[in-house]
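**Q** Got start.txt for you, compact mmCIF, C-alpha atoms:
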```
# COMPACT_ATOMS: atom_id res chain seq x y z
CA MET L 1 -19.52 2.81 -21.22
CA PRO L 2 -21.17 2.01 -17.85
CA LEU L 3 -19.12 3.06 -14.84
CA ARG L 4 -18.32 -0.44 -13.58
CA GLU L 5 -17.13 -1.60 -16.99
CA GLN L 6 -15.11 1.60 -17.39
CA LEU L 7 -13.32 1.04 -14.08
CA CYS L 8 -12.74 -2.66 -14.71
CA THR L 9 -10.77 -1.86 -17.87
CA ARG L 10 -8.30 0.15 -15.77
CA LEU L 11 -8.01 -1.78 -12.51
CA PRO L 12 -5.59 -4.68 -11.93
CA PRO L 13 -7.38 -7.91 -12.98
CA PRO L 14 -7.92 -9.27 -9.43
CA LEU L 15 -9.49 -6.00 -8.29
CA ALA L 16 -11.51 -5.72 -11.49
CA ALA L 17 -12.89 -9.20 -10.75
CA ALA L 18 -13.87 -8.14 -7.21
CA LEU L 19 -15.64 -5.09 -8.62
CA ALA L 20 -17.42 -7.15 -11.27
CA ALA L 21 -18.66 -9.53 -8.55
CA LEU L 22 -20.65 -6.78 -6.81
CA SER L 23 -24.40 -6.95 -7.06
CA ALA L 24 -26.20 -4.23 -8.99
CA LYS L 25 -27.30 -2.64 -5.70
CA GLU L 26 -23.77 -2.70 -4.29
CA ALA L 27 -22.33 -1.25 -7.49
CA ALA L 28 -24.90 1.56 -7.38
CA GLY L 29 -23.75 2.41 -3.85
CA LEU L 30 -20.02 2.33 -4.61
CA GLU L 31 -18.39 5.57 -3.42
CA GLU L 32 -14.66 4.91 -3.26
CA ILE L 33 -12.02 2.36 -4.22
CA ARG L 34 -8.97 2.60 -1.96
CA ILE L 35 -5.85 0.84 -3.23
CA TYR L 36 -2.66 0.46 -1.20
CA ALA L 37 0.65 -0.95 -2.40
CA GLY L 38 1.19 -4.23 -0.58
CA ARG L 39 -2.07 -4.11 1.41
CA ALA L 40 -5.63 -5.23 0.82
CA ALA L 41 -7.73 -2.90 -1.32
CA GLU L 42 -10.95 -1.50 0.14
CA LEU L 43 -14.34 -0.59 -1.30
CA THR L 44 -16.56 2.06 0.28
CA ILE L 45 -20.20 1.16 -0.38
CA ASP L 46 -23.00 3.33 1.01
CA GLY L 47 -20.61 4.75 3.59
CA GLY L 48 -19.37 1.35 4.82
CA CYS L 49 -15.87 -0.05 4.29
CA ARG L 50 -15.45 -3.49 2.72
CA VAL L 51 -11.93 -4.94 2.80
CA THR L 52 -11.20 -7.15 -0.21
CA ASP L 53 -8.70 -10.01 -0.43
CA VAL L 54 -6.87 -8.26 -3.29
CA CYS L 55 -3.36 -6.92 -2.69
CA VAL L 56 -1.75 -4.75 -5.35
CA ASP L 57 2.03 -4.94 -5.77
CA ALA L 58 4.33 -2.21 -7.05
CA ALA L 59 4.21 -3.39 -10.66
CA GLN L 60 0.39 -3.47 -10.61
CA MET L 61 0.35 0.01 -9.07
CA ASP L 62 2.49 1.31 -11.93
CA SER L 63 0.16 -0.31 -14.45
CA LEU L 64 -2.86 1.18 -12.66
CA LEU L 65 -1.40 4.69 -12.81
CA ALA L 66 -0.65 4.33 -16.51
CA ALA L 67 -4.21 3.14 -17.17
CA LEU L 68 -5.75 5.97 -15.12
CA CYS L 69 -3.72 8.48 -17.15
CA GLY L 70 -4.82 6.94 -20.46
CA TYR L 71 -1.33 5.46 -20.89
CA ALA L 72 0.14 8.94 -21.16
CA LEU L 73 1.58 9.71 -17.73
CA TYR L 74 3.14 12.95 -18.97
CA SER L 75 -0.36 14.32 -19.66
CA CYS L 76 -1.25 14.14 -15.96
CA GLU L 77 2.06 15.27 -14.44
CA ARG L 78 0.69 18.64 -13.31
CA GLN L 79 -2.40 17.14 -11.69
CA MET L 80 -0.42 14.34 -10.06
CA ALA L 81 1.87 16.95 -8.53
CA ASP L 82 -1.29 18.30 -6.88
CA GLY L 83 -2.28 14.82 -5.73
CA TYR L 84 -4.95 13.70 -8.19
CA ILE L 85 -5.76 12.35 -11.64
CA PRO L 86 -8.99 13.55 -13.28
CA LEU L 87 -11.09 10.78 -14.83
CA GLU L 88 -13.91 10.90 -17.34
CA GLY L 89 -17.36 11.60 -15.96
CA GLY L 90 -16.13 13.76 -13.05
CA HIS L 91 -14.53 10.86 -11.17
CA ARG L 92 -11.16 11.48 -9.52
CA ALA L 93 -8.23 9.37 -8.41
CA GLY L 94 -6.35 10.83 -5.48
CA VAL L 95 -2.70 9.73 -5.45
CA CYS L 96 -0.22 9.62 -2.57
CA GLY L 97 3.47 8.86 -2.64
CA THR L 98 6.89 10.46 -2.64
CA MET L 99 7.21 14.03 -3.93
CA THR L 100 10.42 15.13 -5.64
CA LYS L 101 11.46 18.52 -6.98
CA GLU L 102 13.12 18.64 -10.37
CA GLU L 103 14.16 21.89 -12.03
CA GLY L 104 11.94 23.84 -9.67
CA ALA L 105 8.82 21.74 -10.30
CA TRP L 106 7.30 19.15 -7.97
CA ARG L 107 6.62 15.65 -9.30
CA MET L 108 4.89 12.64 -7.82
CA SER L 109 6.90 9.43 -7.81
CA ALA L 110 6.79 6.06 -6.08
CA VAL L 111 3.00 6.16 -5.65
CA SER L 112 1.97 4.18 -2.57
CA SER L 113 -1.83 4.53 -2.64
CA VAL L 114 -4.71 5.57 -4.86
CA CYS L 115 -8.22 6.58 -3.80
CA ILE L 116 -10.72 6.54 -6.66
CA ARG L 117 -13.75 8.68 -5.74
CA ILE L 118 -16.90 7.90 -7.67
CA SER L 119 -18.91 10.84 -8.97
CA ARG L 120 -22.63 10.47 -9.61
CA ALA L 121 -25.38 12.78 -10.66
CA VAL L 122 -28.15 12.50 -8.06
CA PRO L 123 -31.20 14.43 -9.30
CA GLY L 124 -32.83 16.29 -6.44
CA SER L 125 -29.82 16.04 -4.12
CA SER L 126 -29.77 19.85 -3.77
CA ARG L 127 -33.43 20.10 -2.77
CA ALA L 128 -32.63 21.02 0.85
CA VAL L 129 -30.34 23.89 -0.13
CA ARG L 130 -32.43 25.35 -2.97
CA PRO L 131 -34.50 27.66 -0.73
CA TYR L 132 -31.28 29.43 0.27
CA LEU L 133 -29.93 30.01 -3.25
CA LEU L 134 -32.23 32.86 -4.33
CA ASP L 135 -33.61 35.77 -2.34
CA ALA L 136 -37.26 36.80 -2.12
CA ASP L 137 -36.95 38.63 -5.46
CA GLY L 138 -35.42 35.61 -7.18
CA LEU L 139 -31.92 37.11 -7.23
CA PRO L 140 -28.93 34.78 -6.74
CA ARG L 141 -27.31 34.85 -3.33
CA ARG L 142 -23.80 33.95 -2.15
CA VAL L 143 -23.89 30.63 -0.32
CA LEU L 144 -21.12 28.52 1.20
CA LEU L 145 -21.67 24.81 1.79
CA LEU L 146 -19.68 23.34 4.67
CA GLY L 147 -19.22 19.68 5.47
CA PRO L 148 -16.63 16.97 6.05
CA PRO L 149 -15.18 15.01 3.11
CA GLY L 150 -17.59 12.45 1.72
CA CYS L 151 -20.86 14.10 2.82
CA GLY L 152 -21.92 14.88 -0.75
CA LYS L 153 -21.00 18.55 -1.19
CA THR L 154 -19.85 18.09 -4.78
CA THR L 155 -22.97 16.12 -5.65
CA VAL L 156 -25.12 18.92 -4.22
CA LEU L 157 -23.14 21.58 -6.09
CA ARG L 158 -23.60 19.70 -9.36
CA ASP L 159 -27.35 19.30 -8.91
CA ALA L 160 -27.84 22.87 -7.66
CA SER L 161 -25.97 24.25 -10.68
CA LEU L 162 -28.25 22.40 -13.08
CA TRP L 163 -31.37 23.40 -11.12
CA LEU L 164 -30.43 27.09 -11.22
CA ALA L 165 -29.58 26.99 -14.91
CA GLU L 166 -32.34 24.76 -16.23
CA GLU L 167 -35.26 25.47 -13.92
CA ARG L 168 -34.63 29.04 -12.77
CA ASP L 169 -33.05 30.47 -15.96
CA VAL L 170 -29.97 31.68 -14.11
CA HIS L 171 -26.68 32.18 -16.00
CA VAL L 172 -24.38 29.76 -14.16
CA ALA L 173 -20.60 29.63 -14.61
CA VAL L 174 -18.50 26.86 -13.06
CA ALA L 175 -14.85 27.01 -12.01
CA ASP L 176 -14.13 23.28 -12.14
CA GLU L 177 -10.45 23.08 -11.18
CA ARG L 178 -10.25 19.33 -10.72
CA GLU L 179 -12.86 18.43 -13.33
CA GLU L 180 -15.10 16.86 -10.70
CA LEU L 181 -18.21 18.94 -11.26
CA PHE L 182 -18.75 18.86 -15.01
CA GLY L 183 -15.36 18.61 -16.71
CA ALA L 184 -15.72 18.30 -20.45
CA GLN L 185 -19.34 17.15 -20.46
CA PRO L 186 -21.17 18.56 -23.50
CA ASP L 187 -24.75 19.76 -23.93
CA LEU L 188 -25.01 21.58 -20.62
CA ARG L 189 -26.56 25.00 -20.15
CA LEU L 190 -23.51 26.08 -18.19
CA HIS L 191 -20.28 27.99 -18.76
CA VAL L 192 -17.50 25.70 -17.48
CA VAL L 193 -13.77 26.37 -17.16
CA SER L 194 -12.01 23.17 -16.12
CA GLY L 195 -8.40 22.38 -15.36
CA ALA L 196 -7.38 25.92 -14.32
CA ASP L 197 -6.92 26.91 -10.68
CA LYS L 198 -10.03 28.40 -9.11
CA ALA L 199 -8.80 31.98 -8.90
CA ARG L 200 -7.82 32.07 -12.56
CA ALA L 201 -11.01 30.33 -13.67
CA ILE L 202 -13.21 32.72 -11.65
CA SER L 203 -11.41 35.72 -13.10
CA MET L 204 -11.88 34.35 -16.63
CA LEU L 205 -15.57 33.69 -16.04
CA LEU L 206 -16.22 37.13 -14.56
CA ARG L 207 -14.66 38.73 -17.63
CA SER L 208 -16.04 36.50 -20.35
CA ALA L 209 -19.27 34.78 -19.31
CA ALA L 210 -21.37 37.55 -17.67
CA PRO L 211 -22.44 35.08 -14.97
CA GLN L 212 -25.19 35.60 -12.45
CA VAL L 213 -23.80 32.81 -10.26
CA ILE L 214 -20.30 31.33 -10.08
CA VAL L 215 -19.98 27.79 -8.71
CA THR L 216 -16.79 26.25 -7.36
CA ASP L 217 -15.77 23.63 -4.83
CA GLU L 218 -13.17 23.00 -2.13
CA ILE L 219 -12.07 26.57 -1.52
CA GLY L 220 -9.26 27.11 0.93
CA ARG L 221 -6.37 29.08 -0.57
CA PRO L 222 -5.79 32.83 -0.13
CA GLU L 223 -6.19 33.38 -3.86
CA ASP L 224 -9.58 31.63 -3.69
CA ALA L 225 -10.68 34.22 -1.14
CA ASP L 226 -9.50 37.08 -3.33
CA ALA L 227 -11.44 35.72 -6.30
CA LEU L 228 -14.64 35.20 -4.31
CA LEU L 229 -14.43 38.70 -2.84
CA ASP L 230 -14.16 39.97 -6.42
CA CYS L 231 -17.44 38.17 -7.11
CA ALA L 232 -19.01 39.94 -4.15
CA ARG L 233 -17.78 43.32 -5.33
CA CYS L 234 -19.17 42.60 -8.82
CA GLY L 235 -22.59 41.70 -7.42
CA VAL L 236 -22.36 38.12 -8.70
CA GLY L 237 -23.93 35.24 -6.78
CA VAL L 238 -21.72 32.44 -5.52
CA LEU L 239 -22.23 28.80 -4.64
CA ALA L 240 -19.08 27.30 -3.15
CA SER L 241 -18.04 24.51 -0.81
CA ALA L 242 -15.32 23.98 1.78
CA HIS L 243 -14.24 21.21 4.12
CA ALA L 244 -15.34 21.86 7.70
CA GLY L 245 -17.23 19.77 10.23
CA SER L 246 -18.71 22.81 12.00
CA MET L 247 -18.73 26.59 11.89
CA GLU L 248 -16.05 26.52 14.57
CA ASP L 249 -13.87 24.41 12.30
CA ALA L 250 -14.49 26.82 9.43
CA MET L 251 -13.55 29.85 11.52
CA ALA L 252 -10.31 28.12 12.54
CA ARG L 253 -9.22 28.16 8.89
CA PRO L 254 -7.67 31.56 8.07
CA VAL L 255 -9.08 31.78 4.54
CA LEU L 256 -12.64 30.92 5.60
CA ARG L 257 -12.39 33.20 8.62
CA ARG L 258 -11.36 36.08 6.35
CA LEU L 259 -14.27 35.42 3.99
CA MET L 260 -16.71 35.38 6.90
CA GLN L 261 -15.24 38.53 8.44
CA GLU L 262 -15.48 40.35 5.11
CA ARG L 263 -19.02 39.02 4.63
CA ALA L 264 -18.33 37.33 1.32
CA PHE L 265 -21.36 35.05 1.79
CA ASP L 266 -25.00 35.76 2.51
CA CYS L 267 -25.29 32.47 4.39
CA CYS L 268 -23.40 29.29 5.21
CA LEU L 269 -25.00 25.86 5.34
CA LEU L 270 -23.56 22.92 7.25
CA LEU L 271 -24.46 19.76 5.35
CA GLY L 272 -24.97 16.27 6.63
CA ARG L 273 -24.81 13.13 4.57
CA HIS L 274 -26.81 13.14 1.31
CA GLY L 275 -27.12 16.92 1.27
CA CYS L 276 -29.37 17.52 4.28
CA VAL L 277 -28.99 20.94 5.94
CA LEU L 278 -27.97 20.43 9.56
CA GLU L 279 -27.37 24.08 10.44
CA ALA L 280 -27.71 27.44 8.68
CA TYR L 281 -25.78 30.60 9.50
CA ASP L 282 -26.35 34.19 8.45
CA GLN L 283 -23.79 36.55 6.96
CA ALA L 284 -22.19 37.21 10.33
CA GLY L 285 -21.88 33.50 11.11
CA LYS L 286 -24.79 33.50 13.55
CA GLU L 287 -26.77 30.25 13.61
CA ARG L 288 -30.30 30.58 12.34
CA GLY L 289 -31.25 26.91 12.21
CA GLY L 290 -31.50 24.49 9.30
CA ASP L 291 -35.16 25.13 8.52
CA GLY L 292 -34.60 25.24 4.75
CA HIS L 293 -36.81 28.28 4.20
CA GLY L 294 -34.08 30.55 2.87
CA GLN L 295 -35.18 33.56 4.89
CA LEU L 296 -31.78 34.59 6.18
CA GLY L 297 -31.11 38.31 5.76
CA CYS L 298 -28.59 38.88 2.98
CA GLY L 299 -27.23 42.11 4.40
CA CYS L 300 -26.27 43.40 0.94
CA ASP L 301 -25.86 47.09 0.35
CA GLY L 302 -27.93 48.84 -2.29
CA ASP L 303 -25.23 48.92 -4.96
CA ASP L 304 -24.62 45.22 -4.63
CA ARG L 305 -28.30 44.40 -4.71
CA ASN L 306 -28.89 46.62 -7.75
CA GLN L 307 -25.98 45.01 -9.57
CA ARG L 308 -27.36 41.53 -8.90
CA ARG L 309 -30.80 42.69 -10.03
CA ARG L 310 -29.27 43.98 -13.28
CA LEU L 311 -27.41 40.72 -13.88
CA SER L 312 -30.51 38.73 -13.04
CA ALA L 313 -32.54 40.68 -15.59
CA LEU L 314 -30.13 39.61 -18.32
CA GLY L 315 -31.33 36.05 -17.97
CA ARG L 316 -35.04 36.78 -17.95
```
Show me the file's structure as C-alpha cells.
**A**
Amino acid sequence: MPLREQLCTRLPPPLAAALAALSAKEAAGLEEIRIYAGRAAELTIDGGCRVTDVCVDAAQMDSLLAALCGYALYSCERQMADGYIPLEGGHRAGVCGTMTKEEGAWRMSAVSSVCIRISRAVPGSSRAVRPYLLDADGLPRRVLLLGPPGCGKTTVLRDASLWLAEERDVHVAVADEREELFGAQPDLRLHVVSGADKARAISMLLRSAAPQVIVTDEIGRPEDADALLDCARCGVGVLASAHAGSMEDAMARPVLRRLMQERAFDCCLLLGRHGCVLEAYDQAGKERGGDGHGQLGCGCDGDDRNQRRRLSALGR
C-alpha cells in the first residue's frame, strides 16, 4: 500500500483528509506529522512546517494510538515505554505523555503528542560518505556519522548499508533497535536483528553472522560504547550515527567522548542536510576537512588490520 494511503487509514479522519489533499510533490516531500492533543497538527514538508486547521481531541488521540499499534496496544507496550511505536516500512511514531511505574516497569499513559517520522529509501543518499567507508585496500573502516535530528543520518545509513552489501560484496549486519533501518523487510542481502537493544543485537551479530561491518544508529548509552569497542577489538568495521551538531557537542557527551578517547572510530563525519559531509575528523578527532576522498589515516594496529583483512577475504 502506498505510504499516503497507509497513513490515511490510521489517522483521524480530518487529518487524513488534510494529508490526502497534498499534491504529489508535497506528499513526496513529507517528513513528519506532528499531532498534539488539543492543538493544531503540523506537517513538515521539505524541512518547512505547515500548520493545519485540524485539532485532535483526547478520544481521537486514543484511537490514533490504537491504530498505530495495529489495534493491539499491549504489543507495543515495551516500545511505548521507550517513547516510540515502530511502523511498517521503517517509519516511526514518537510518543510523549505521562509515564507511570507499575510493578517495577514503566508504562506510557495519557499520551499528549505523537510525531510520525517518515522513512524513505533515497538511492545515492550515501554517495558523499562512501569514500570514507573502505580503506585503500578495500577493507571496511569504523565510521561515525554525526548530525542534528532530521538531517538524514538514518537515510544515509540505510543507503550505505545496501551499497556496501550489494555493490562492494561486504557482509553487512544491522542492529536495528527501533526498526527504522530495515525492520522486517525481506529479500535484503543483509543480516538484520530488529527490536533488541543495540548492545544485545551487536553481541548477537558478532557471534552469529560473521560480519565485516556492523551498522547501527543513534548510539548514546554506555552499553552501546561497550558493544562498539567489542567490534573494534574483533577487527569488525562499524557504521554508526549519533546526534550532535558539531564535534564539540559530541565530545560533551560522555559516551561519545569515551569512544573518541579509546579510538573506536577511524573517522567521524559531520553531516549536513541530505547527507552532505560538512566536516571530517580523523581518529583523534582532528578536523581534516570534508573533501570526501576518504584518505584519513585509520591508525589501526597490525592485529586489527590483519583481522579485518581476514574478515574481508571471507566475502570475496
**Q** May I have the residues within 10 Å of Cys55 of chain L as a list in words, using only C-alpha atoms and disregarding those fewer than 5 positions away in the same chain?
**A** Pro12, Pro14, Leu15, Ile35, Tyr36, Ala37, Gly38, Arg39, Ala40, Ala41, Glu42 and Gln60 of chain L
**Q** Hey, can you check how far atom CA of Arg200 of chain L sits from atom CA of Phe182 of chain L?
**A** 17.3 Å
**Q** Go through L:Ala59, L:Leu259, L:Ala121, L:Ala81 one by one, measure the shortest atom-to-atom distance of each to Trp106 of chain L using only C-alpha atoms, and give the residue with the smallest value.
**A**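 Selected residue with least distance to Trp106 of chain L: L:Ala81.
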**Q** So how many Å separate atom CA of Leu11 of chain L and atom CA of Leu181 of chain L, to one decimal?
**A**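 That distance, rounded to one decimal, is 23.1 Å.
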**Q** List the neighbours of Thr44 of chain L out to 8 Å using only C-alpha atoms; skip same-chain residues closer than 3 positions along the sequence, and give me the result as a list in words.
**A**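 Contacts, in chain order: Leu30, Glu31, Glu32, Ile33, Arg34, Gly47, Gly48, Cys49 and Arg50 of chain L.
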**Q** As AutoDock Vina command-line options, what would the box around segment 129-134 of chain L look like: edges along x, y and z, 8 Å added on every side, centre and edge lengths in Å to one decimal?
**A**
```
--center_x -32.2 --center_y 28.4 --center_z -2.0 --size_x 20.6 --size_y 25.0 --size_z 20.6
```
**Q** Do you know which residues are at most 10 Å from segment 108-120 of chain L counting all atoms listed in the file, after dropping those on the same chain fewer than 3 positions away, and could you put them as a PyMOL selection string?
**A** chain L and resi 3+7+28-39+41-44+56-58+61-62+64-65+68+77-101+123+150+152+154-155+158+180-181
**Q** Can you write out the residues you just picked, keeping C-alpha atoms, as a CSV table (one decimal), in the coordinates of the input?
**A**
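Output below, filename again30.csv:
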```csv
chain,number,residue,atom,x,y,z
L,3,LEU,CA,-19.1,3.1,-14.8
L,7,LEU,CA,-13.3,1.0,-14.1
L,28,ALA,CA,-24.9,1.6,-7.4
L,29,GLY,CA,-23.8,2.4,-3.8
L,30,LEU,CA,-20.0,2.3,-4.6
L,31,GLU,CA,-18.4,5.6,-3.4
L,32,GLU,CA,-14.7,4.9,-3.3
L,33,ILE,CA,-12.0,2.4,-4.2
L,34,ARG,CA,-9.0,2.6,-2.0
L,35,ILE,CA,-5.8,0.8,-3.2
L,36,TYR,CA,-2.7,0.5,-1.2
L,37,ALA,CA,0.6,-1.0,-2.4
L,38,GLY,CA,1.2,-4.2,-0.6
L,39,ARG,CA,-2.1,-4.1,1.4
L,41,ALA,CA,-7.7,-2.9,-1.3
L,42,GLU,CA,-11.0,-1.5,0.1
L,43,LEU,CA,-14.3,-0.6,-1.3
L,44,THR,CA,-16.6,2.1,0.3
L,56,VAL,CA,-1.8,-4.8,-5.4
L,57,ASP,CA,2.0,-4.9,-5.8
L,58,ALA,CA,4.3,-2.2,-7.0
L,61,MET,CA,0.4,0.0,-9.1
L,62,ASP,CA,2.5,1.3,-11.9
L,64,LEU,CA,-2.9,1.2,-12.7
L,65,LEU,CA,-1.4,4.7,-12.8
L,68,LEU,CA,-5.8,6.0,-15.1
L,77,GLU,CA,2.1,15.3,-14.4
L,78,ARG,CA,0.7,18.6,-13.3
L,79,GLN,CA,-2.4,17.1,-11.7
L,80,MET,CA,-0.4,14.3,-10.1
L,81,ALA,CA,1.9,17.0,-8.5
L,82,ASP,CA,-1.3,18.3,-6.9
L,83,GLY,CA,-2.3,14.8,-5.7
L,84,TYR,CA,-5.0,13.7,-8.2
L,85,ILE,CA,-5.8,12.4,-11.6
L,86,PRO,CA,-9.0,13.6,-13.3
L,87,LEU,CA,-11.1,10.8,-14.8
L,88,GLU,CA,-13.9,10.9,-17.3
L,89,GLY,CA,-17.4,11.6,-16.0
L,90,GLY,CA,-16.1,13.8,-13.0
L,91,HIS,CA,-14.5,10.9,-11.2
L,92,ARG,CA,-11.2,11.5,-9.5
L,93,ALA,CA,-8.2,9.4,-8.4
L,94,GLY,CA,-6.4,10.8,-5.5
L,95,VAL,CA,-2.7,9.7,-5.4
L,96,CYS,CA,-0.2,9.6,-2.6
L,97,GLY,CA,3.5,8.9,-2.6
L,98,THR,CA,6.9,10.5,-2.6
L,99,MET,CA,7.2,14.0,-3.9
L,100,THR,CA,10.4,15.1,-5.6
L,101,LYS,CA,11.5,18.5,-7.0
L,123,PRO,CA,-31.2,14.4,-9.3
L,150,GLY,CA,-17.6,12.4,1.7
L,152,GLY,CA,-21.9,14.9,-0.8
L,154,THR,CA,-19.8,18.1,-4.8
L,155,THR,CA,-23.0,16.1,-5.6
L,158,ARG,CA,-23.6,19.7,-9.4
L,180,GLU,CA,-15.1,16.9,-10.7
L,181,LEU,CA,-18.2,18.9,-11.3
```
**Q** Have a look at atom CA of Ala20 of chain L and atom CA of Val51 of chain L and let me know their distance in Å, one decimal.
**A**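 Here the two named atoms are 15.3 Å from each other.
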**Q** Out of L:Gly147, L:Gly275, L:Gly220, L:Gly70, which residue has the shortest atom-to-atom distance to Gly245 of chain L when counting only C-alpha atoms?
**A**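 So, comparing all the options, the nearest one is L:Gly147.
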**Q** May I have a table of the residues of segment 114-176 of chain L lying at most 6 Å from segment 234-243 of chain L, giving each one's closest pair of atoms and their distance in Å to one decimal, counting only C-alpha atoms, ordered by chain and ascending residue number, as CSV?
**A**
```
residue,atom,partner,partner_atom,distance
L:Pro140,CA,L:Gly237,CA,5.0
L:Arg141,CA,L:Gly237,CA,4.8
L:Arg142,CA,L:Val238,CA,4.2
L:Val143,CA,L:Leu239,CA,5.0
L:Leu144,CA,L:Ala240,CA,5.0
L:Leu145,CA,L:Ser241,CA,4.5
L:Leu146,CA,L:Ala242,CA,5.3
L:Gly147,CA,L:His243,CA,5.4
L:Pro148,CA,L:His243,CA,5.2
```
